[in-house]
$ cat structure.cif   # mmCIF, N, CA and C atoms
data_input
#
loop_
_atom_site.label_atom_id
_atom_site.label_comp_id
_atom_site.auth_asym_id
_atom_site.auth_seq_id
_atom_site.Cartn_x
_atom_site.Cartn_y
_atom_site.Cartn_z
N MET A 1 0.84 -1.17 0.00
CA MET A 1 0.00 0.00 0.00
C MET A 1 0.89 1.24 0.00
N GLY A 2 0.57 2.21 -0.84
CA GLY A 2 1.38 3.41 -0.97
C GLY A 2 1.07 4.46 0.08
N PHE A 3 1.87 5.51 0.06
CA PHE A 3 1.75 6.61 1.01
C PHE A 3 0.35 7.21 0.99
N PHE A 4 -0.16 7.55 -0.21
CA PHE A 4 -1.46 8.19 -0.31
C PHE A 4 -2.58 7.22 0.06
N ASP A 5 -2.42 5.93 -0.19
CA ASP A 5 -3.43 4.96 0.22
C ASP A 5 -3.55 4.90 1.73
N ASP A 6 -2.44 5.12 2.43
CA ASP A 6 -2.44 5.08 3.89
C ASP A 6 -3.17 6.29 4.49
N ILE A 7 -3.00 7.49 3.90
CA ILE A 7 -3.56 8.68 4.52
C ILE A 7 -4.94 9.05 3.98
N CYS A 8 -5.28 8.60 2.79
CA CYS A 8 -6.57 8.95 2.21
C CYS A 8 -7.56 7.85 2.56
N ASN A 9 -8.14 7.95 3.74
CA ASN A 9 -9.05 6.91 4.18
C ASN A 9 -10.31 7.53 4.78
N ARG A 10 -11.23 6.67 5.10
CA ARG A 10 -12.54 7.09 5.62
C ARG A 10 -12.39 7.87 6.92
N HIS A 11 -11.50 7.44 7.80
CA HIS A 11 -11.33 8.12 9.10
C HIS A 11 -10.79 9.54 8.93
N TRP A 12 -9.88 9.70 7.98
CA TRP A 12 -9.32 11.04 7.72
C TRP A 12 -10.42 11.96 7.18
N CYS A 13 -11.27 11.45 6.29
CA CYS A 13 -12.37 12.26 5.77
C CYS A 13 -13.35 12.63 6.88
N GLU A 14 -13.62 11.71 7.80
CA GLU A 14 -14.50 12.00 8.93
C GLU A 14 -13.90 13.07 9.83
N GLU A 15 -12.59 13.00 10.06
CA GLU A 15 -11.90 14.01 10.88
C GLU A 15 -12.03 15.39 10.24
N LEU A 16 -11.85 15.46 8.93
CA LEU A 16 -11.98 16.73 8.24
C LEU A 16 -13.41 17.25 8.29
N GLU A 17 -14.38 16.37 8.10
CA GLU A 17 -15.78 16.78 8.14
C GLU A 17 -16.17 17.31 9.52
N CYS A 18 -15.59 16.76 10.58
CA CYS A 18 -15.86 17.23 11.93
C CYS A 18 -15.29 18.64 12.16
N SER A 19 -14.35 19.05 11.34
CA SER A 19 -13.73 20.36 11.48
C SER A 19 -14.43 21.43 10.64
N CYS A 20 -15.48 21.06 9.93
CA CYS A 20 -16.20 22.03 9.10
C CYS A 20 -16.73 23.17 9.98
N GLY A 21 -16.63 24.38 9.46
CA GLY A 21 -17.10 25.55 10.17
C GLY A 21 -16.07 26.17 11.09
N THR A 22 -14.84 25.65 11.08
CA THR A 22 -13.78 26.22 11.92
C THR A 22 -12.60 26.66 11.06
N ASN A 23 -11.82 27.58 11.60
CA ASN A 23 -10.58 27.99 10.94
C ASN A 23 -9.55 26.89 11.11
N VAL A 24 -8.88 26.53 10.02
CA VAL A 24 -7.89 25.46 10.06
C VAL A 24 -6.65 25.85 9.26
N VAL A 25 -5.57 25.16 9.54
CA VAL A 25 -4.39 25.18 8.68
C VAL A 25 -4.24 23.75 8.17
N LEU A 26 -4.22 23.60 6.86
CA LEU A 26 -4.04 22.30 6.23
C LEU A 26 -2.66 22.24 5.59
N PHE A 27 -1.94 21.16 5.85
CA PHE A 27 -0.61 20.96 5.30
C PHE A 27 -0.70 19.84 4.26
N THR A 28 -0.12 20.06 3.08
CA THR A 28 -0.20 19.06 2.02
C THR A 28 1.17 18.41 1.78
N ALA A 29 1.13 17.25 1.15
CA ALA A 29 2.34 16.47 0.90
C ALA A 29 3.32 17.20 -0.02
N ASP A 30 2.83 18.12 -0.83
CA ASP A 30 3.72 18.83 -1.76
C ASP A 30 4.33 20.09 -1.15
N GLY A 31 4.13 20.32 0.16
CA GLY A 31 4.81 21.42 0.84
C GLY A 31 4.00 22.69 1.00
N PHE A 32 2.76 22.70 0.57
CA PHE A 32 1.91 23.88 0.73
C PHE A 32 1.19 23.82 2.07
N ALA A 33 0.83 24.99 2.60
CA ALA A 33 0.01 25.08 3.79
C ALA A 33 -1.08 26.11 3.51
N PHE A 34 -2.30 25.81 3.91
CA PHE A 34 -3.46 26.65 3.63
C PHE A 34 -4.11 27.07 4.94
N PHE A 35 -4.44 28.37 5.08
CA PHE A 35 -5.16 28.86 6.25
C PHE A 35 -6.50 29.40 5.78
N GLY A 36 -7.58 28.81 6.29
CA GLY A 36 -8.91 29.26 5.91
C GLY A 36 -9.98 28.59 6.74
N LEU A 37 -11.22 28.90 6.43
CA LEU A 37 -12.38 28.31 7.08
C LEU A 37 -12.77 27.07 6.29
N LEU A 38 -12.75 25.92 6.96
CA LEU A 38 -13.10 24.67 6.28
C LEU A 38 -14.62 24.66 6.08
N ASP A 39 -15.03 24.83 4.84
CA ASP A 39 -16.46 24.93 4.52
C ASP A 39 -17.10 23.56 4.42
N ARG A 40 -16.51 22.68 3.61
CA ARG A 40 -17.09 21.34 3.45
C ARG A 40 -16.10 20.41 2.76
N VAL A 41 -16.39 19.12 2.89
CA VAL A 41 -15.64 18.08 2.20
C VAL A 41 -16.64 17.43 1.25
N GLU A 42 -16.34 17.50 -0.04
CA GLU A 42 -17.30 17.03 -1.04
C GLU A 42 -16.56 16.26 -2.13
N ASP A 43 -16.90 14.99 -2.30
CA ASP A 43 -16.30 14.14 -3.33
C ASP A 43 -14.78 14.12 -3.27
N GLY A 44 -14.22 14.05 -2.06
CA GLY A 44 -12.78 13.97 -1.90
C GLY A 44 -12.06 15.30 -2.03
N ILE A 45 -12.81 16.39 -2.06
CA ILE A 45 -12.23 17.72 -2.18
C ILE A 45 -12.61 18.54 -0.96
N VAL A 46 -11.63 19.19 -0.35
CA VAL A 46 -11.86 20.10 0.77
C VAL A 46 -12.01 21.50 0.20
N ILE A 47 -13.04 22.20 0.62
CA ILE A 47 -13.26 23.57 0.15
C ILE A 47 -13.00 24.51 1.32
N LEU A 48 -12.02 25.41 1.12
CA LEU A 48 -11.68 26.42 2.13
C LEU A 48 -12.18 27.78 1.69
N LEU A 49 -12.83 28.48 2.60
CA LEU A 49 -13.26 29.86 2.39
C LEU A 49 -12.36 30.77 3.22
N PRO A 50 -12.45 32.09 3.01
CA PRO A 50 -11.66 32.99 3.84
C PRO A 50 -12.00 32.81 5.32
N PRO A 51 -10.98 32.82 6.18
CA PRO A 51 -11.24 32.66 7.62
C PRO A 51 -11.94 33.89 8.18
N ALA A 52 -12.43 33.77 9.41
CA ALA A 52 -13.10 34.88 10.08
C ALA A 52 -12.22 36.12 10.08
N CYS A 53 -12.82 37.26 9.82
CA CYS A 53 -12.15 38.58 9.82
C CYS A 53 -11.11 38.72 8.71
N GLU A 54 -11.16 37.88 7.69
CA GLU A 54 -10.24 38.00 6.55
C GLU A 54 -11.07 37.99 5.27
N HIS A 55 -10.43 38.37 4.17
CA HIS A 55 -11.13 38.42 2.89
C HIS A 55 -10.65 37.37 1.90
N GLU A 56 -9.57 36.67 2.25
CA GLU A 56 -9.01 35.67 1.34
C GLU A 56 -8.41 34.51 2.12
N VAL A 57 -8.26 33.37 1.43
CA VAL A 57 -7.56 32.21 1.98
C VAL A 57 -6.07 32.47 1.79
N PHE A 58 -5.26 32.16 2.79
CA PHE A 58 -3.82 32.37 2.71
C PHE A 58 -3.12 31.05 2.43
N VAL A 59 -2.16 31.10 1.51
CA VAL A 59 -1.43 29.90 1.11
C VAL A 59 0.07 30.16 1.27
N LEU A 60 0.72 29.30 2.04
CA LEU A 60 2.17 29.35 2.19
C LEU A 60 2.75 28.36 1.20
N THR A 61 3.55 28.85 0.26
CA THR A 61 4.13 27.98 -0.77
C THR A 61 5.38 27.29 -0.24
N PRO A 62 5.83 26.23 -0.92
CA PRO A 62 7.06 25.56 -0.48
C PRO A 62 8.27 26.48 -0.48
N GLY A 63 8.24 27.54 -1.27
CA GLY A 63 9.34 28.50 -1.31
C GLY A 63 9.29 29.54 -0.22
N GLY A 64 8.24 29.54 0.60
CA GLY A 64 8.14 30.48 1.70
C GLY A 64 7.33 31.73 1.39
N ASP A 65 6.81 31.84 0.18
CA ASP A 65 5.98 32.99 -0.18
C ASP A 65 4.56 32.77 0.31
N VAL A 66 3.90 33.86 0.69
CA VAL A 66 2.50 33.79 1.09
C VAL A 66 1.67 34.45 0.00
N VAL A 67 0.76 33.68 -0.56
CA VAL A 67 -0.16 34.19 -1.58
C VAL A 67 -1.57 34.03 -1.05
N SER A 68 -2.50 34.73 -1.67
CA SER A 68 -3.89 34.61 -1.22
C SER A 68 -4.78 34.32 -2.41
N GLU A 69 -5.92 33.70 -2.12
CA GLU A 69 -6.90 33.38 -3.16
C GLU A 69 -8.29 33.45 -2.56
N GLU A 70 -9.29 33.63 -3.41
CA GLU A 70 -10.66 33.79 -2.93
C GLU A 70 -11.17 32.56 -2.22
N LEU A 71 -10.88 31.39 -2.73
CA LEU A 71 -11.20 30.13 -2.08
C LEU A 71 -10.26 29.07 -2.60
N SER A 72 -10.16 27.97 -1.87
CA SER A 72 -9.21 26.92 -2.25
C SER A 72 -9.92 25.58 -2.30
N TYR A 73 -9.51 24.79 -3.30
CA TYR A 73 -9.97 23.42 -3.44
C TYR A 73 -8.75 22.53 -3.24
N ILE A 74 -8.82 21.61 -2.27
CA ILE A 74 -7.67 20.78 -1.94
C ILE A 74 -8.10 19.32 -1.96
N ASP A 75 -7.32 18.49 -2.64
CA ASP A 75 -7.58 17.06 -2.69
C ASP A 75 -7.33 16.46 -1.30
N VAL A 76 -8.31 15.74 -0.78
CA VAL A 76 -8.19 15.14 0.55
C VAL A 76 -6.95 14.26 0.64
N CYS A 77 -6.64 13.54 -0.42
CA CYS A 77 -5.51 12.61 -0.40
C CYS A 77 -4.15 13.31 -0.34
N SER A 78 -4.11 14.62 -0.59
CA SER A 78 -2.84 15.33 -0.52
C SER A 78 -2.60 15.93 0.87
N ILE A 79 -3.61 15.93 1.73
CA ILE A 79 -3.49 16.53 3.06
C ILE A 79 -2.80 15.55 4.00
N VAL A 80 -1.74 16.03 4.65
CA VAL A 80 -0.98 15.18 5.57
C VAL A 80 -1.13 15.60 7.03
N ALA A 81 -1.59 16.83 7.28
CA ALA A 81 -1.75 17.29 8.66
C ALA A 81 -2.80 18.38 8.72
N LEU A 82 -3.39 18.52 9.90
CA LEU A 82 -4.47 19.46 10.13
C LEU A 82 -4.26 20.13 11.48
N SER A 83 -4.40 21.45 11.50
CA SER A 83 -4.39 22.19 12.76
C SER A 83 -5.75 22.87 12.87
N LYS A 84 -6.49 22.59 13.94
CA LYS A 84 -7.85 23.09 14.10
C LYS A 84 -7.90 24.34 14.96
N ASN A 85 -9.00 25.09 14.79
CA ASN A 85 -9.32 26.25 15.63
C ASN A 85 -8.20 27.28 15.69
N VAL A 86 -7.64 27.60 14.56
CA VAL A 86 -6.57 28.60 14.48
C VAL A 86 -7.22 29.98 14.51
N CYS A 87 -6.80 30.82 15.44
CA CYS A 87 -7.44 32.12 15.65
C CYS A 87 -6.91 33.22 14.74
N GLU A 88 -5.60 33.22 14.51
CA GLU A 88 -4.97 34.29 13.72
C GLU A 88 -4.21 33.69 12.56
N ASN A 89 -3.95 34.51 11.56
CA ASN A 89 -3.20 34.09 10.39
C ASN A 89 -1.77 33.69 10.80
N PRO A 90 -1.43 32.41 10.73
CA PRO A 90 -0.10 31.98 11.15
C PRO A 90 1.00 32.36 10.15
N PHE A 91 0.62 32.80 8.97
CA PHE A 91 1.60 33.14 7.94
C PHE A 91 1.90 34.63 7.90
N GLU A 92 1.21 35.40 8.74
CA GLU A 92 1.38 36.84 8.76
C GLU A 92 2.71 37.19 9.41
N ASP A 93 3.47 38.04 8.78
CA ASP A 93 4.75 38.49 9.32
C ASP A 93 4.47 39.68 10.24
N ASP A 94 4.54 39.45 11.52
CA ASP A 94 4.25 40.49 12.50
C ASP A 94 5.53 41.21 12.88
N GLU A 95 5.87 42.23 12.09
CA GLU A 95 7.12 42.95 12.31
C GLU A 95 7.10 43.75 13.60
N ASP A 96 5.91 44.23 14.03
CA ASP A 96 5.83 45.00 15.27
C ASP A 96 6.24 44.15 16.46
N CYS A 97 5.85 42.89 16.48
CA CYS A 97 6.23 42.01 17.59
C CYS A 97 7.73 41.75 17.61
N GLU A 98 8.33 41.66 16.42
CA GLU A 98 9.77 41.40 16.34
C GLU A 98 10.57 42.61 16.83
N ARG A 99 10.01 43.82 16.67
CA ARG A 99 10.70 45.04 17.10
C ARG A 99 10.32 45.43 18.51
N GLY A 100 9.44 44.65 19.15
CA GLY A 100 9.04 44.97 20.51
C GLY A 100 7.87 45.91 20.59
N GLY A 101 7.21 46.20 19.47
CA GLY A 101 6.04 47.09 19.46
C GLY A 101 4.79 46.39 19.86
N LYS A 102 3.68 47.10 19.83
CA LYS A 102 2.32 46.61 20.17
C LYS A 102 2.32 45.98 21.51
#

$ encode --input "structure.cif" --output "structure tokens"
Amino acid sequence: MGFFDDICNRHWCEELECSCGTNVVLFTADGFAFFGLLDRVEDGIVILLPPACEHEVFVLTPGGDVVSEELSYIDVCSIVALSKNVCENPFEDDEDCERGGK
């Protein structure tokens, strides 16, 4: 059984479905990370909407760049990790905190 056969299973889909309606960070096997509101899991595809108090889904690329998109479609079989109930954008560079401000 291959890597994707091991992680793309019924229990993983149930775990994702239980997280619907919450802000999540999803990590994929190809090195991307997505921050958004998990809207639904449909036909093996996870649909992310913009998280609370944001206007776009944030995507951290394998190269370290942060890009945004209106919504994201992610194959369930490519997801390797999930972080639930994320309150703030984890990809935001908070320069004020680094300088001792705020």

$ atom_distance --input "structure.cif" --atom1 "atom CA of Ala52 of chain A" --atom2 "atom CA of His11 of chain A"
26.8 Å

$ residues_around --input "structure.cif" --residues "segment 27-34 of chain A" --least-positions-apart "4" --cutoff "6.5 Å" --atoms "all atoms listed in the file" --output "PyMOL selection string"
chain A and resi 58-62+78-83

$ select_by_dssp --input "structure.cif" --residues "chain A" --states "helix (DSSP H, G or I)" --output "MDAnalysis selection string"
chainID A and resid 3:7 10:18 76:78 95:98

$ write_last_selection --input "structure.cif" --atoms "N, CA and C atoms" --output "JSON list (two decimals), in the coordinates of the input"
[["chain", "number", "residue", "atom", "x", "y", "z"],
["A", 3, "PHE", "N", 1.87, 5.51, 0.06],
["A", 3, "PHE", "CA", 1.75, 6.61, 1.01],
["A", 3, "PHE", "C", 0.35, 7.21, 0.99],
["A", 4, "PHE", "N", -0.16, 7.55, -0.21],
["A", 4, "PHE", "CA", -1.46, 8.19, -0.31],
["A", 4, "PHE", "C", -2.58, 7.22, 0.06],
["A", 5, "ASP", "N", -2.42, 5.93, -0.19],
["A", 5, "ASP", "CA", -3.43, 4.96, 0.22],
["A", 5, "ASP", "C", -3.55, 4.90, 1.73],
["A", 6, "ASP", "N", -2.44, 5.12, 2.43],
["A", 6, "ASP", "CA", -2.44, 5.08, 3.89],
["A", 6, "ASP", "C", -3.17, 6.29, 4.49],
["A", 7, "ILE", "N", -3.00, 7.49, 3.90],
["A", 7, "ILE", "CA", -3.56, 8.68, 4.52],
["A", 7, "ILE", "C", -4.94, 9.05, 3.98],
["A", 10, "ARG", "N", -11.23, 6.67, 5.10],
["A", 10, "ARG", "CA", -12.54, 7.09, 5.62],
["A", 10, "ARG", "C", -12.39, 7.87, 6.92],
["A", 11, "HIS", "N", -11.50, 7.44, 7.80],
["A", 11, "HIS", "CA", -11.33, 8.12, 9.10],
["A", 11, "HIS", "C", -10.79, 9.54, 8.93],
["A", 12, "TRP", "N", -9.88, 9.70, 7.98],
["A", 12, "TRP", "CA", -9.32, 11.04, 7.72],
["A", 12, "TRP", "C", -10.42, 11.96, 7.18],
["A", 13, "CYS", "N", -11.27, 11.45, 6.29],
["A", 13, "CYS", "CA", -12.37, 12.26, 5.77],
["A", 13, "CYS", "C", -13.35, 12.63, 6.88],
["A", 14, "GLU", "N", -13.62, 11.71, 7.80],
["A", 14, "GLU", "CA", -14.50, 12.00, 8.93],
["A", 14, "GLU", "C", -13.90, 13.07, 9.83],
["A", 15, "GLU", "N", -12.59, 13.00, 10.06],
["A", 15, "GLU", "CA", -11.90, 14.01, 10.88],
["A", 15, "GLU", "C", -12.03, 15.39, 10.24],
["A", 16, "LEU", "N", -11.85, 15.46, 8.93],
["A", 16, "LEU", "CA", -11.98, 16.73, 8.24],
["A", 16, "LEU", "C", -13.41, 17.25, 8.29],
["A", 17, "GLU", "N", -14.38, 16.37, 8.10],
["A", 17, "GLU", "CA", -15.78, 16.78, 8.14],
["A", 17, "GLU", "C", -16.17, 17.31, 9.52],
["A", 18, "CYS", "N", -15.59, 16.76, 10.58],
["A", 18, "CYS", "CA", -15.86, 17.23, 11.93],
["A", 18, "CYS", "C", -15.29, 18.64, 12.16],
["A", 76, "VAL", "N", -8.31, 15.74, -0.78],
["A", 76, "VAL", "CA", -8.19, 15.14, 0.55],
["A", 76, "VAL", "C", -6.95, 14.26, 0.64],
["A", 77, "CYS", "N", -6.64, 13.54, -0.42],
["A", 77, "CYS", "CA", -5.51, 12.61, -0.40],
["A", 77, "CYS", "C", -4.15, 13.31, -0.34],
["A", 78, "SER", "N", -4.11, 14.62, -0.59],
["A", 78, "SER", "CA", -2.84, 15.33, -0.52],
["A", 78, "SER", "C", -2.60, 15.93, 0.87],
["A", 95, "GLU", "N", 5.87, 42.23, 12.09],
["A", 95, "GLU", "CA", 7.12, 42.95, 12.31],
["A", 95, "GLU", "C", 7.10, 43.75, 13.60],
["A", 96, "ASP", "N", 5.91, 44.23, 14.03],
["A", 96, "ASP", "CA", 5.83, 45.00, 15.27],
["A", 96, "ASP", "C", 6.24, 44.15, 16.46],
["A", 97, "CYS", "N", 5.85, 42.89, 16.48],
["A", 97, "CYS", "CA", 6.23, 42.01, 17.59],
["A", 97, "CYS", "C", 7.73, 41.75, 17.61],
["A", 98, "GLU", "N", 8.33, 41.66, 16.42],
["A", 98, "GLU", "CA", 9.77, 41.40, 16.34],
["A", 98, "GLU", "C", 10.57, 42.61, 16.83]]

$ atom_distance --input "structure.cif" --atom1 "atom CA of Cys77 of chain A" --atom2 "atom N of Asp93 of chain A"
28.5 Å

$ closest_residue --input "structure.cif" --among "A:Val25, A:Val57, A:Val41, A:Val46" --to "Asp75 of chain A" --atoms "only C-alpha atoms"
A:Val46

$ closest_residue --input "structure.cif" --among "A:Val66, A:Cys20, A:Leu37, A:Leu49" --to "Glu88 of chain A" --atoms "only C-alpha atoms"
A:Leu37

$ closest_residue --input "structure.cif" --among "A:His55, A:Ile47, A:Glu14, A:Leu26" --to "Ile74 of chain A" --atoms "all atoms listed in the file"
A:Ile47

$ atom_distance --input "structure.cif" --atom1 "atom CA of Leu48 of chain A" --atom2 "atom CA of Gly64 of chain A"
20.2 Å
